[in-house]
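Only one structure is covered here, and it is reproduced in the block below.
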Amino acid sequence: MNTTVALELKNISKRFGDKYANKNVDLTLNKGEILAILGENGSGKTSMVNMIAGIYYPDEGEIFVDGKPVVITSPKDAFKYKIGMIHQHFKLVDVFSASENIVLGIKEKGRFKMAQVDRKVAEITQRYGFQLDPKKKIHEMSVSEKQTVEIVKVLYRGADILILDEPTAVLTPQEIEKLFDILRRMRDDGKSIIIITHKMNEVLSLSDRVAVMRRGEHIATVETAQTNENELTEMMMGEKVELNIERTEPKNVKDRLVVENICSKNSDGITVLDNISFTARAGEILGVAGIAGSGQRELLEAIAGLYHIDDGKIVYHNPENDEEENLRDKTPLQISQLGVRLSFVPEDRLGMGLVGNMDIVDNVMLRSYKRGKSMFLDRKNPHDLAMELIEELHILTPDEHTPVRRLSGGNIQKVLVGREISAAPSVFMAAYPVRGLDVNASYSIYNLLNRQKELGVAVIFVGEDLDVLLELCDRIMVIASGQVTGIVDARSATKEEIGLLMTAHNTQGGSSNE
Amino acid sequence: MNKQERIKKNTEPLFHITKRSNISFGRAMLIRGLAILLSVVFMSVVMFLLAKENPVTLLKSMFDGAFGTPLRIWILFSDTAILLGISLALTPAFKMKFWNCGGEGQVMVGSLTAAAMMLFVGDKVSLPVLILLTAVFSTVAGGIWGLIPSVFKAKWNTNETLFTLMMNYIAIQLVTYFLKVFGNAQGNLEPMPRFAIPKMFNGSYFLNIVLILVICIIMYVYLRSSKQGYEIAVVGESEKTAKYIGINVSKVIIRTMIISGALCGLIGFLLVANGSCSVTTTIAGGQGFTAILVSWLGKFNPLYMILTSFLVIFLQRGTSFMGEIYRLDTSMADIFIGVVLLFIIGCEFFINYKINFRKFGKGGTK
C-alpha cells in the first residue's frame with residue numbers, strides 16, 4: 001500500500017512537574033485516514049494532541065508535517081500547517097451567528113463580506129453533508145449543531161489535519177452516526193483525521209488505524225481491520241481484564257422514593273424540570289439516561305434538597321418506621337435530621353462533593369464532622385475511616401493527608417463514593433460517577449453500586465454510556481428537556497429505542513431548550 | 001549547527017513556564033530568603049546612588065533603629081503584636097474568602113467606643129469596672145461593624161470588598177464628628193491617661209504582647225481544630241460543597257464576620273486604653289490594610305503570621321530610623337518596605353512555577 005505521511009511525531013515527551021504526561025511518543029498519521037487514539041483517562045491522549053494543536057509545547061522531540069520539521073507554539077502556528085482541533089468543550093460566542101463564529105479571529109484586509117463568508121460556509125457544508133444554517137445564532141443551537149460549527153470553522157481555515165477530542169461524548173446515538181458519515185466523507189476527500197475516544201465500538205466502526213496509549217506512552221498502532229476488542233483492551237490496560245457487570249435479579253423490591261409531578265424553573269425562568277414523576281425502589285438500580293443538560297443534575301439536586309422546585313412532591317418511605325416524609329423544600333440538613341439516609345455523589349466532584357484542597361481525612365469528615373457535642377473536631381474516627389477506604393477501595397495516594405485534588409480522577413471518585421457509601425444509605429444517587437475514570441476504576445464503581453443494590457438500597461444512577469446503562473440497571477428512565485420521555489426495562493430495551501426517547505420531548509411543553 | 005538546530009533556535013521560545021507539582025518546604029524557604037536578600041541588595045544600590053552612603057552603615061542603622069535600645073525592642077514587639085492582632089482578626093474572614101478590607105474601620109469604631117466610654121462613663125465607675133466595660137463595648141462595636149457587611153453579603157450577595165471599604169469611611173466620619181462635638185477647638189480630644197490600663201513592667205507594651213500571643217494561639221486552634229473553623233474552611237473553599245453537606249452558609253458568614261470585627265474592636269480598645277488614651281481619625285494608622293498583607297503573606301496561618309508581622313514592623317521601624325539619621329526623604333522608608341514586599345510576593349511565582357530554558361541541540365533532535 002502506498003501511503004504518504006501527513007503528520008509525524010518523533011520521540012515527543014511532555015512533563016508536568018516530575019510526572020510524564022507523554023514519554024517518547026512516536027506517532028504517524030497518513031494522508032486520507034482516520035486514526036483513532038484509544039487510551040484510558042490520564043493515558044496522555046489529550047496532552048499529545050494538544051502539542052500538535054499548539055496548546056502545549058513539548059519538552060522533547062519533534063513534529064513533522066509533510067516530512068518537514070515544524071515548531072508549533074500556538075494554535076495559530078498549527079493553522080499555518082493546516083492543523084485544526086475541535087475541542088471537547090466548545091469555544092464559541094453565544095450571541096454570534098454560525099458564520100460570525102467561523103470567521104472570528106481570521107485576519108483579512110478590509111471589510112468582511114458576510115455574504116461571501118456565508119457562501120463559502122455553505123460550500124463546505126454541502127461538500128461534506130453537514131446540516132447548518134450559517135445565519136443561526138449559537139445560543140439557538142443544539143449541542144450537535146455547535147459541534148458542526150466547530151468543525152466547519154476548522155475546515156474554513158483550510159485545515160487538512162483535523163483533531164477531534166472525544167466528539168461523541170455529548171451526542172445521541174443517531175447524531176453519532178451522522179457525524180461518523182461526515183468524517184468518512186472527509187477522509188475520502190483526502191483529509192487526515194485524528195479522533196480521541198475511549199469507546200471501543202466507535203473505534204472499531206470508524207477508524208482505519210488505532211493508536212493505543214497507556215500511561216503516557218504510545219504502545220502500538222494497529223490496523224483496525226486486523227484487531228478486535230479484546231486485543232485492544234489488553235493493549236490499553238497492559239493486562240488481560242475481565243469486564244462484565246454481574247446483574248442480579250432484584251430482591252425484596254419496595255417503593256423507597258416516590259417523585260410526583262415535580263416542576264422547576266431556573267433563575268432565567270426556563271423550565272428545567274417539567275412534570276417529572278417516577279419511583280425509585282429499594283433493591284433496584286434505576287438508570288437515568290438523557291443528553292447532557294436535560295435536567296439530570298437538577299433532578300438529583302432537587303431530591304437532595306439543593307435545588308428549588310416549584311411544584312410536586314418527593315415522598316420518602318422510611319424503611320425503619322414505615323413513615324412517609326415529603327422532602328420538598330427541605331434543606332440537606334433537615335433531610336438528614338429527619339433520619340433520611342440519602343447519599344449523593346454529585347457530578348461536580350471537586351466543586352461540590354469534595355474540597356480539593358483538603359486531605360482525605362478532612363474530606364471523609366465532611367458528612368460527619370458535626371457529630372458529638374464538643375466544639376472541637378474529632379479527627380480520629382474519620383482518620384480510621386479514611387484508612388479503611390484507602391485499603392478497601394485500593395485508593396492510590398501517597399498518604400491520607402494528601403489533598404484530594406492531587407489524586408487522579410478515579411481515586412478522587414473512590415474517596416467520594418466511599419464516603420457516601422460508608423454512611424449506610426437507604427437511597428444512593430450518583431451522577432456520572434464514572435466520568436473521566438479508567439476502565440478498571442469504572443468497573444469497581446459499578447460493582448460498588450451493585451453491592452448497594454443487593455444490600456437493599458434504592459440506587460439512582462445517571463449515566464452517559466448507554467451500553468453500561470443497559471448492562472447495569474434494572475430500569476432506565478429517559479429524560480429529554482426536563483421531561484420524562486419513557487421508563488423502560490433495561491433487560492429488554494435497545495440502544496436505538498433509548499436514543500429515540502432521548503430526543504422525543506414535547507417541544508410545545510414550555511421547554512425552550514431547543 | 002545543522003539545519004534542524006537552526007530552525008529550533010529561530011522559532012523555539014527562549015523559555016517556557018511549567019507549574020511545579022510539589023516543592024519542598026526547605027526549597028521554598030530558600031527562594032524566599034533569596035528574594036529578601038535580593039531586595040536588600042537592590043535597595044542598597046538605589047540608596048547608595050541617592051544618598052551616597054555606604055550601604056552597610058545604612059543597613060546597620062536599620063538594625064539599630066529596630067533593636068538599638070531595650071525601649072526600641074519593647075516598641076518593636078508591641079507594634080508587632082498590634083499588627084499581628086489585626087491580622088489575626090482578618091484571617092478567619094479571609095479563610096472564608098470573605099475579603100474583609102474593613103479592618104481599619106472596625107478598629108476605629110473600637111477605639112471610638114473606648115474613648116467615648118472614658119469620656120462619659122469614666123468618672124462614674126471604678127477603674128477596673130471601666131476597663132472591663134470599655135473592652136466589652138469596644139468589642140461589640142467592632143463586631144457590629146463586621147456584622148453589617150456580612151448580613152448584606154449573606155442575604156443579597158453584595159460585594160464585601162467594596163462594602164467593608166466604605167464602612168471604613170463611615171467610621172472615619174463618625175470619629176471626625178465625635179471630635180468636632182466633644183474635642184477642643186483644634187478638633188482634638190485631650191488624652192485621659194487616668195483611665196488607662198495600669199502599666200506593667202516598664203510600659204504598656206507587655207500586655208499587648210502577651211494578650212495577642214494568647215489570641216494567636218487560640219485563633220490557631222480555632223481555625224485548625226474546631227468545628228466552626230472547619231466550617232469556615234469549607235465555605236471558603238466551596239460554597240456549593242458547604243450547602244451540599246448541610247452547612248448554613250449565611251450563618252457561617254455572619255458568625256465569622258462578627259468574630260473578625262469584634263477582634264478588630266478589641267485591638268481598637270487596646271490602642272486607646274493601653275495607648276493614646278484618646279482617639280483620632282488616624283488611630284488605626286493604615287494597619288487595617290497592612291494586616292491584609294500580613295495575613296496573606298503568612299498564608300492565613302496564625303503562626304506564620306507572627307513572622308510576617310514582625311518582618312513588616314521591623315522594616316517600618318528600621319527604615320524610619322534610618323531615614324531620620326541620614327535625612328532621607330520620608331518616602332524612602334515606604335519605598336524600601338514596598339520593594340522588599342514586592343520581592344517577597346514576586347518570588348511566589350518561582351515557588352509555584354518552574355522556568356525551562358531552551359536547550360540547544362539537546363533532547364530528541366537526533
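Each chain of the C-alpha cells is named A, B, ... in the order shown, its residues numbered from 1; ligands are numbered from 1 in display order.
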
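The interface of chain A with chain B at 6 Å, considering only C-alpha atoms, consists of Gly17, Glu60, Gly61, Pro332, Leu333, Met352, Gly353, Met375, Phe376 and Leu377 of chain A.
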
Include C-alpha atoms and write out the residues we just selected as a compact mmCIF listing (two decimals), in the first residue's frame.
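As a result, out.txt now contains:
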```txt
# COMPACT_ATOMS: atom_id res chain seq x y z
CA GLY A 17 6.12 18.70 37.36
CA GLU A 60 11.45 16.99 23.99
CA GLY A 61 11.08 15.63 20.50
CA PRO A 332 -29.92 18.91 53.23
CA LEU A 333 -29.50 19.39 56.96
CA MET A 352 -19.45 20.00 45.30
CA GLY A 353 -18.78 16.54 46.61
CA MET A 375 -16.86 22.29 69.85
CA PHE A 376 -13.70 20.63 68.62
CA LEU A 377 -13.37 18.22 65.74
```

So which residues touch segment 41-46 of chain B within 8 Å, counting only C-alpha atoms, skipping near sequence neighbours fewer than 3 positions away, as a compact mmCIF listing (two decimals) with C-alpha atoms, in the first residue's frame?
```txt
# COMPACT_ATOMS: atom_id res chain seq x y z
CA LEU B 37 18.43 39.23 50.18
CA LEU B 38 17.99 40.38 46.59
CA LEU B 49 23.16 56.17 44.33
CA LEU B 50 20.74 58.57 46.01
CA PRO B 55 25.01 50.59 52.26
CA PHE B 336 12.15 50.35 51.00
CA VAL B 339 10.44 46.90 47.42
```

Next on the checklist: List as a list of chain:residue names the protein and nucleic acid residues near Arg247 of chain A, meaning an atom at most 8 Å away when only C-alpha atoms are counted, but skip any in the same chain fewer than 3 places from it.
Outcome noted: A:Asn450, A:Glu471, A:Leu472, A:Cys473

Keeping only N, CA and C atoms, write the selected residues to a file as a PDB file, in the first residue's frame.
```
ATOM      1  N   ASN A 450     -23.674  -2.105  42.472  1.00  0.00           N
ATOM      2  CA  ASN A 450     -24.367  -3.381  42.529  1.00  0.00           C
ATOM      3  C   ASN A 450     -24.487  -3.912  43.947  1.00  0.00           C
ATOM      4  N   GLU A 471     -26.562  -2.563  30.674  1.00  0.00           N
ATOM      5  CA  GLU A 471     -25.997  -3.747  31.330  1.00  0.00           C
ATOM      6  C   GLU A 471     -26.179  -3.719  32.840  1.00  0.00           C
ATOM      7  N   LEU A 472     -26.162  -2.505  33.410  1.00  0.00           N
ATOM      8  CA  LEU A 472     -26.094  -2.377  34.861  1.00  0.00           C
ATOM      9  C   LEU A 472     -27.467  -2.223  35.522  1.00  0.00           C
ATOM     10  N   CYS A 473     -28.345  -1.449  34.870  1.00  0.00           N
ATOM     11  CA  CYS A 473     -29.563  -1.032  35.554  1.00  0.00           C
ATOM     12  C   CYS A 473     -30.670  -2.082  35.444  1.00  0.00           C
TER      13      CYS A 473
END
```

Which residues are close to segment 159-167 of chain B, i.e. within 12 Å by only C-alpha atoms, leaving aside same-chain residues fewer than 5 positions away? Reply as a short mmCIF file (atom, residue, chain, number, x, y, z; two decimals) with N, CA and C atoms, in the first residue's frame.
```
data_model
loop_
_atom_site.label_atom_id
_atom_site.label_comp_id
_atom_site.auth_asym_id
_atom_site.auth_seq_id
_atom_site.Cartn_x
_atom_site.Cartn_y
_atom_site.Cartn_z
N LEU B 90 -8.53 39.52 60.87
CA LEU B 90 -8.97 39.41 59.47
C LEU B 90 -8.92 37.97 58.97
N ALA B 93 -11.99 35.61 58.34
CA ALA B 93 -12.77 36.08 57.19
C ALA B 93 -12.08 35.70 55.88
N PHE B 94 -10.76 35.89 55.86
CA PHE B 94 -10.03 35.58 54.63
C PHE B 94 -10.08 34.09 54.32
N MET B 96 -12.39 32.25 54.79
CA MET B 96 -13.72 32.02 54.26
C MET B 96 -13.85 32.67 52.88
N LYS B 97 -12.77 33.26 52.39
CA LYS B 97 -12.74 34.02 51.14
C LYS B 97 -13.72 35.19 51.19
N PHE B 98 -13.86 35.76 52.37
CA PHE B 98 -14.63 36.99 52.54
C PHE B 98 -13.57 38.07 52.70
N TRP B 99 -13.42 38.91 51.69
CA TRP B 99 -12.27 39.83 51.69
C TRP B 99 -12.60 41.05 52.53
N ASN B 100 -12.32 40.91 53.81
CA ASN B 100 -12.61 41.96 54.76
C ASN B 100 -11.54 43.04 54.66
N CYS B 101 -11.84 44.12 53.94
CA CYS B 101 -10.92 45.24 53.85
C CYS B 101 -11.31 46.32 54.83
N GLY B 102 -12.11 45.95 55.80
CA GLY B 102 -12.64 46.95 56.72
C GLY B 102 -11.99 46.90 58.09
N GLY B 103 -10.83 46.28 58.19
CA GLY B 103 -10.13 46.21 59.47
C GLY B 103 -9.92 47.61 60.05
N GLU B 104 -9.55 48.51 59.18
CA GLU B 104 -9.29 49.89 59.58
C GLU B 104 -10.52 50.48 60.31
N GLY B 105 -11.66 50.36 59.69
CA GLY B 105 -12.88 50.92 60.27
C GLY B 105 -13.31 50.18 61.52
N GLN B 106 -13.15 48.86 61.51
CA GLN B 106 -13.55 48.06 62.66
C GLN B 106 -12.69 48.39 63.88
N VAL B 107 -11.38 48.63 63.64
CA VAL B 107 -10.50 49.06 64.73
C VAL B 107 -10.95 50.43 65.21
N MET B 108 -11.26 51.30 64.24
CA MET B 108 -11.58 52.68 64.59
C MET B 108 -12.85 52.79 65.44
N VAL B 109 -13.89 52.03 65.11
CA VAL B 109 -15.09 52.13 65.94
C VAL B 109 -14.82 51.57 67.32
N GLY B 142 -16.95 46.81 67.35
CA GLY B 142 -16.23 46.22 66.20
C GLY B 142 -17.04 45.11 65.58
N ILE B 144 -20.26 44.77 65.51
CA ILE B 144 -21.36 45.33 64.71
C ILE B 144 -20.84 45.81 63.36
N TRP B 145 -19.64 46.43 63.39
CA TRP B 145 -19.06 46.92 62.14
C TRP B 145 -18.75 45.77 61.18
N GLY B 146 -18.46 44.61 61.74
CA GLY B 146 -18.24 43.43 60.90
C GLY B 146 -19.55 42.78 60.49
N LEU B 147 -20.53 42.86 61.37
CA LEU B 147 -21.82 42.21 61.12
C LEU B 147 -22.54 42.83 59.92
N ILE B 148 -22.51 44.17 59.83
CA ILE B 148 -23.32 44.84 58.80
C ILE B 148 -22.97 44.34 57.38
N PRO B 149 -21.70 44.41 56.96
CA PRO B 149 -21.42 43.92 55.59
C PRO B 149 -21.73 42.44 55.42
N SER B 150 -21.57 41.65 56.49
CA SER B 150 -21.77 40.21 56.34
C SER B 150 -23.25 39.89 56.13
N VAL B 151 -24.13 40.65 56.79
CA VAL B 151 -25.57 40.43 56.58
C VAL B 151 -25.93 40.72 55.13
N PHE B 152 -25.40 41.83 54.61
CA PHE B 152 -25.69 42.17 53.21
C PHE B 152 -25.12 41.12 52.26
N LYS B 153 -23.95 40.61 52.61
CA LYS B 153 -23.34 39.57 51.78
C LYS B 153 -24.19 38.31 51.82
N ALA B 154 -24.59 37.92 53.02
CA ALA B 154 -25.31 36.66 53.17
C ALA B 154 -26.70 36.74 52.55
N ILE B 172 -14.49 56.73 59.86
CA ILE B 172 -13.68 57.95 59.92
C ILE B 172 -14.59 59.15 60.19
N GLN B 173 -15.70 59.21 59.47
CA GLN B 173 -16.60 60.36 59.62
C GLN B 173 -17.22 60.39 61.02
N LEU B 174 -17.50 59.20 61.55
CA LEU B 174 -18.03 59.15 62.91
C LEU B 174 -17.04 59.74 63.89
N ILE B 253 -21.07 32.82 57.49
CA ILE B 253 -20.52 34.11 57.05
C ILE B 253 -20.73 35.17 58.13
N ILE B 254 -21.95 35.24 58.65
CA ILE B 254 -22.26 36.27 59.64
C ILE B 254 -21.48 36.04 60.93
N MET B 257 -17.79 36.92 60.49
CA MET B 257 -17.51 38.35 60.40
C MET B 257 -17.71 39.06 61.74
N SER B 260 -14.49 38.43 63.42
CA SER B 260 -13.45 39.24 62.80
C SER B 260 -13.54 40.70 63.27
N GLY B 261 -14.76 41.26 63.18
CA GLY B 261 -14.93 42.65 63.58
C GLY B 261 -14.71 42.85 65.07
N GLY B 288 -4.99 48.47 59.37
CA GLY B 288 -6.07 47.60 58.90
C GLY B 288 -5.80 47.10 57.49
N PHE B 289 -5.05 47.89 56.73
CA PHE B 289 -4.70 47.45 55.37
C PHE B 289 -3.42 46.64 55.36
N ILE B 292 -3.89 43.06 56.02
CA ILE B 292 -4.32 42.20 54.91
C ILE B 292 -3.10 41.51 54.33
#
```

Next on the checklist: Write out as a PyMOL selection string the set of residues from segment 346-450 of chain A that DSSP, computed on the backbone, places in helix (DSSP H, G or I).
Outcome noted: chain A and resi 349-353+360-367+380-392+404-406+409-422+439-450

Selected residues written out, C-alpha atoms, as an mmCIF file, in the first residue's frame:
```cif
data_model
loop_
_atom_site.group_PDB
_atom_site.id
_atom_site.type_symbol
_atom_site.label_atom_id
_atom_site.label_comp_id
_atom_site.auth_asym_id
_atom_site.auth_seq_id
_atom_site.Cartn_x
_atom_site.Cartn_y
_atom_site.Cartn_z
ATOM 1 C CA ARG A 349 -16.788 16.057 42.378
ATOM 2 C CA LEU A 350 -14.273 18.648 43.451
ATOM 3 C CA GLY A 351 -16.693 21.561 43.242
ATOM 4 C CA MET A 352 -19.451 20.005 45.304
ATOM 5 C CA GLY A 353 -18.779 16.538 46.607
ATOM 6 C CA ILE A 360 -8.627 12.637 52.556
ATOM 7 C CA VAL A 361 -9.359 12.645 56.283
ATOM 8 C CA ASP A 362 -10.956 16.092 56.214
ATOM 9 C CA ASN A 363 -12.983 15.143 53.157
ATOM 10 C CA VAL A 364 -14.205 11.940 54.726
ATOM 11 C CA MET A 365 -15.210 14.060 57.707
ATOM 12 C CA LEU A 366 -17.476 16.350 55.643
ATOM 13 C CA ARG A 367 -20.581 14.292 56.307
ATOM 14 C CA LYS A 380 -9.764 10.081 64.935
ATOM 15 C CA ASN A 381 -12.817 8.273 63.580
ATOM 16 C CA PRO A 382 -12.600 9.973 60.174
ATOM 17 C CA HIS A 383 -8.938 9.031 60.099
ATOM 18 C CA ASP A 384 -9.785 5.387 60.718
ATOM 19 C CA LEU A 385 -12.492 5.513 58.058
ATOM 20 C CA ALA A 386 -10.086 7.137 55.592
ATOM 21 C CA MET A 387 -7.539 4.381 56.161
ATOM 22 C CA GLU A 388 -10.274 1.801 55.722
ATOM 23 C CA LEU A 389 -11.417 3.314 52.426
ATOM 24 C CA ILE A 390 -7.851 3.570 51.125
ATOM 25 C CA GLU A 391 -7.372 -0.091 51.939
ATOM 26 C CA GLU A 392 -10.698 -1.469 50.739
ATOM 27 C CA VAL A 404 -7.579 15.136 47.170
ATOM 28 C CA ARG A 405 -7.102 17.382 44.155
ATOM 29 C CA ARG A 406 -3.656 15.831 43.779
ATOM 30 C CA GLY A 409 -9.792 11.232 38.794
ATOM 31 C CA GLY A 410 -10.516 7.615 39.654
ATOM 32 C CA ASN A 411 -9.080 7.887 43.120
ATOM 33 C CA ILE A 412 -10.900 11.147 43.785
ATOM 34 C CA GLN A 413 -14.124 9.420 42.851
ATOM 35 C CA LYS A 414 -13.347 6.467 45.111
ATOM 36 C CA VAL A 415 -12.924 8.821 48.070
ATOM 37 C CA LEU A 416 -16.285 10.418 47.298
ATOM 38 C CA VAL A 417 -18.212 7.227 46.596
ATOM 39 C CA GLY A 418 -16.565 5.525 49.553
ATOM 40 C CA ARG A 419 -17.592 8.289 51.903
ATOM 41 C CA GLU A 420 -21.162 8.294 50.639
ATOM 42 C CA ILE A 421 -21.465 4.514 50.928
ATOM 43 C CA SER A 422 -19.958 4.486 54.411
ATOM 44 C CA VAL A 439 -11.968 1.041 32.730
ATOM 45 C CA ASN A 440 -10.811 -0.654 35.899
ATOM 46 C CA ALA A 441 -11.955 2.154 38.155
ATOM 47 C CA SER A 442 -15.291 2.321 36.307
ATOM 48 C CA TYR A 443 -15.964 -1.341 36.891
ATOM 49 C CA SER A 444 -15.088 -1.086 40.541
ATOM 50 C CA ILE A 445 -17.654 1.718 40.812
ATOM 51 C CA TYR A 446 -20.264 -0.417 39.006
ATOM 52 C CA ASN A 447 -19.560 -3.215 41.446
ATOM 53 C CA LEU A 448 -19.989 -0.861 44.381
ATOM 54 C CA LEU A 449 -23.365 0.233 43.002
ATOM 55 C CA ASN A 450 -24.367 -3.381 42.529
#
```

Next on the checklist: Which residue is closest to Ile306 of chain B? Choose from B:Ile215, B:Val272, B:Leu30, B:Met117 and count only C-alpha atoms.
Outcome noted: B:Ile215

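When only C-alpha atoms are used to compute distances to Gly482 of chain A, the closest of the residues A:Asn275, A:Ser336, A:Ser13, A:Asn228 turns out to be A:Asn275.
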
Next on the checklist: Give me, as number ranges by chain, all polymer residues having an atom no more than 8 Å from segment 177-193 of chain A, counting only C-alpha atoms and skipping those fewer than 5 positions away in the same chain.
Outcome noted: A: 6, 29-35, 128-130, 160-164, 206

Export of the given selection (C-alpha atoms) as a tab-separated table (two decimals), in the first residue's frame:
```tsv
chain	number	residue	atom	x	y	z
A	6	ALA	CA	0.75	13.72	6.76
A	29	LEU	CA	-0.81	9.94	10.65
A	30	ASN	CA	-1.26	9.09	6.99
A	31	LYS	CA	-2.97	11.23	4.40
A	32	GLY	CA	-6.61	10.34	3.98
A	33	GLU	CA	-7.08	8.16	7.01
A	34	ILE	CA	-8.97	8.18	10.26
A	35	LEU	CA	-6.66	7.41	13.14
A	128	TYR	CA	-19.39	17.02	3.38
A	129	GLY	CA	-23.09	16.76	4.10
A	130	PHE	CA	-23.35	18.96	7.18
A	160	ASP	CA	-6.13	19.24	6.22
A	161	ILE	CA	-5.45	17.57	9.54
A	162	LEU	CA	-8.39	17.52	11.93
A	163	ILE	CA	-8.18	16.52	15.55
A	164	LEU	CA	-11.39	15.72	17.41
A	206	LEU	CA	-14.96	4.24	12.28
```

Item to check | Per-residue DSSP, segment 250-355 of chain A, filtered to strand (DSSP E or B), as number ranges by chain | outcome: A: 254-265, 271-282, 284-289, 311-317, 324-326, 342-345

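Atom pair atom CA of Lys82 of chain A / atom CA of Lys153 of chain A: separated by 12.3 Å.
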
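Coordinates place atom CA of Ile83 of chain A at a distance of 13.7 Å from atom CA of Leu9 of chain A.
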
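Here atom CA of Leu500 of chain A stands at a distance of 16.3 Å from atom CA of Gly287 of chain A.
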
Checklist entry - Within 10 Å of segment 91-99 of chain A, counting only C-alpha atoms, which residues qualify if same-chain residues fewer than 2 places away don't, as a VMD selection string? => result chain A and resid 86 to 89 101 to 104 114 to 115 117 to 122 132 to 141 145 to 150 152 to 153
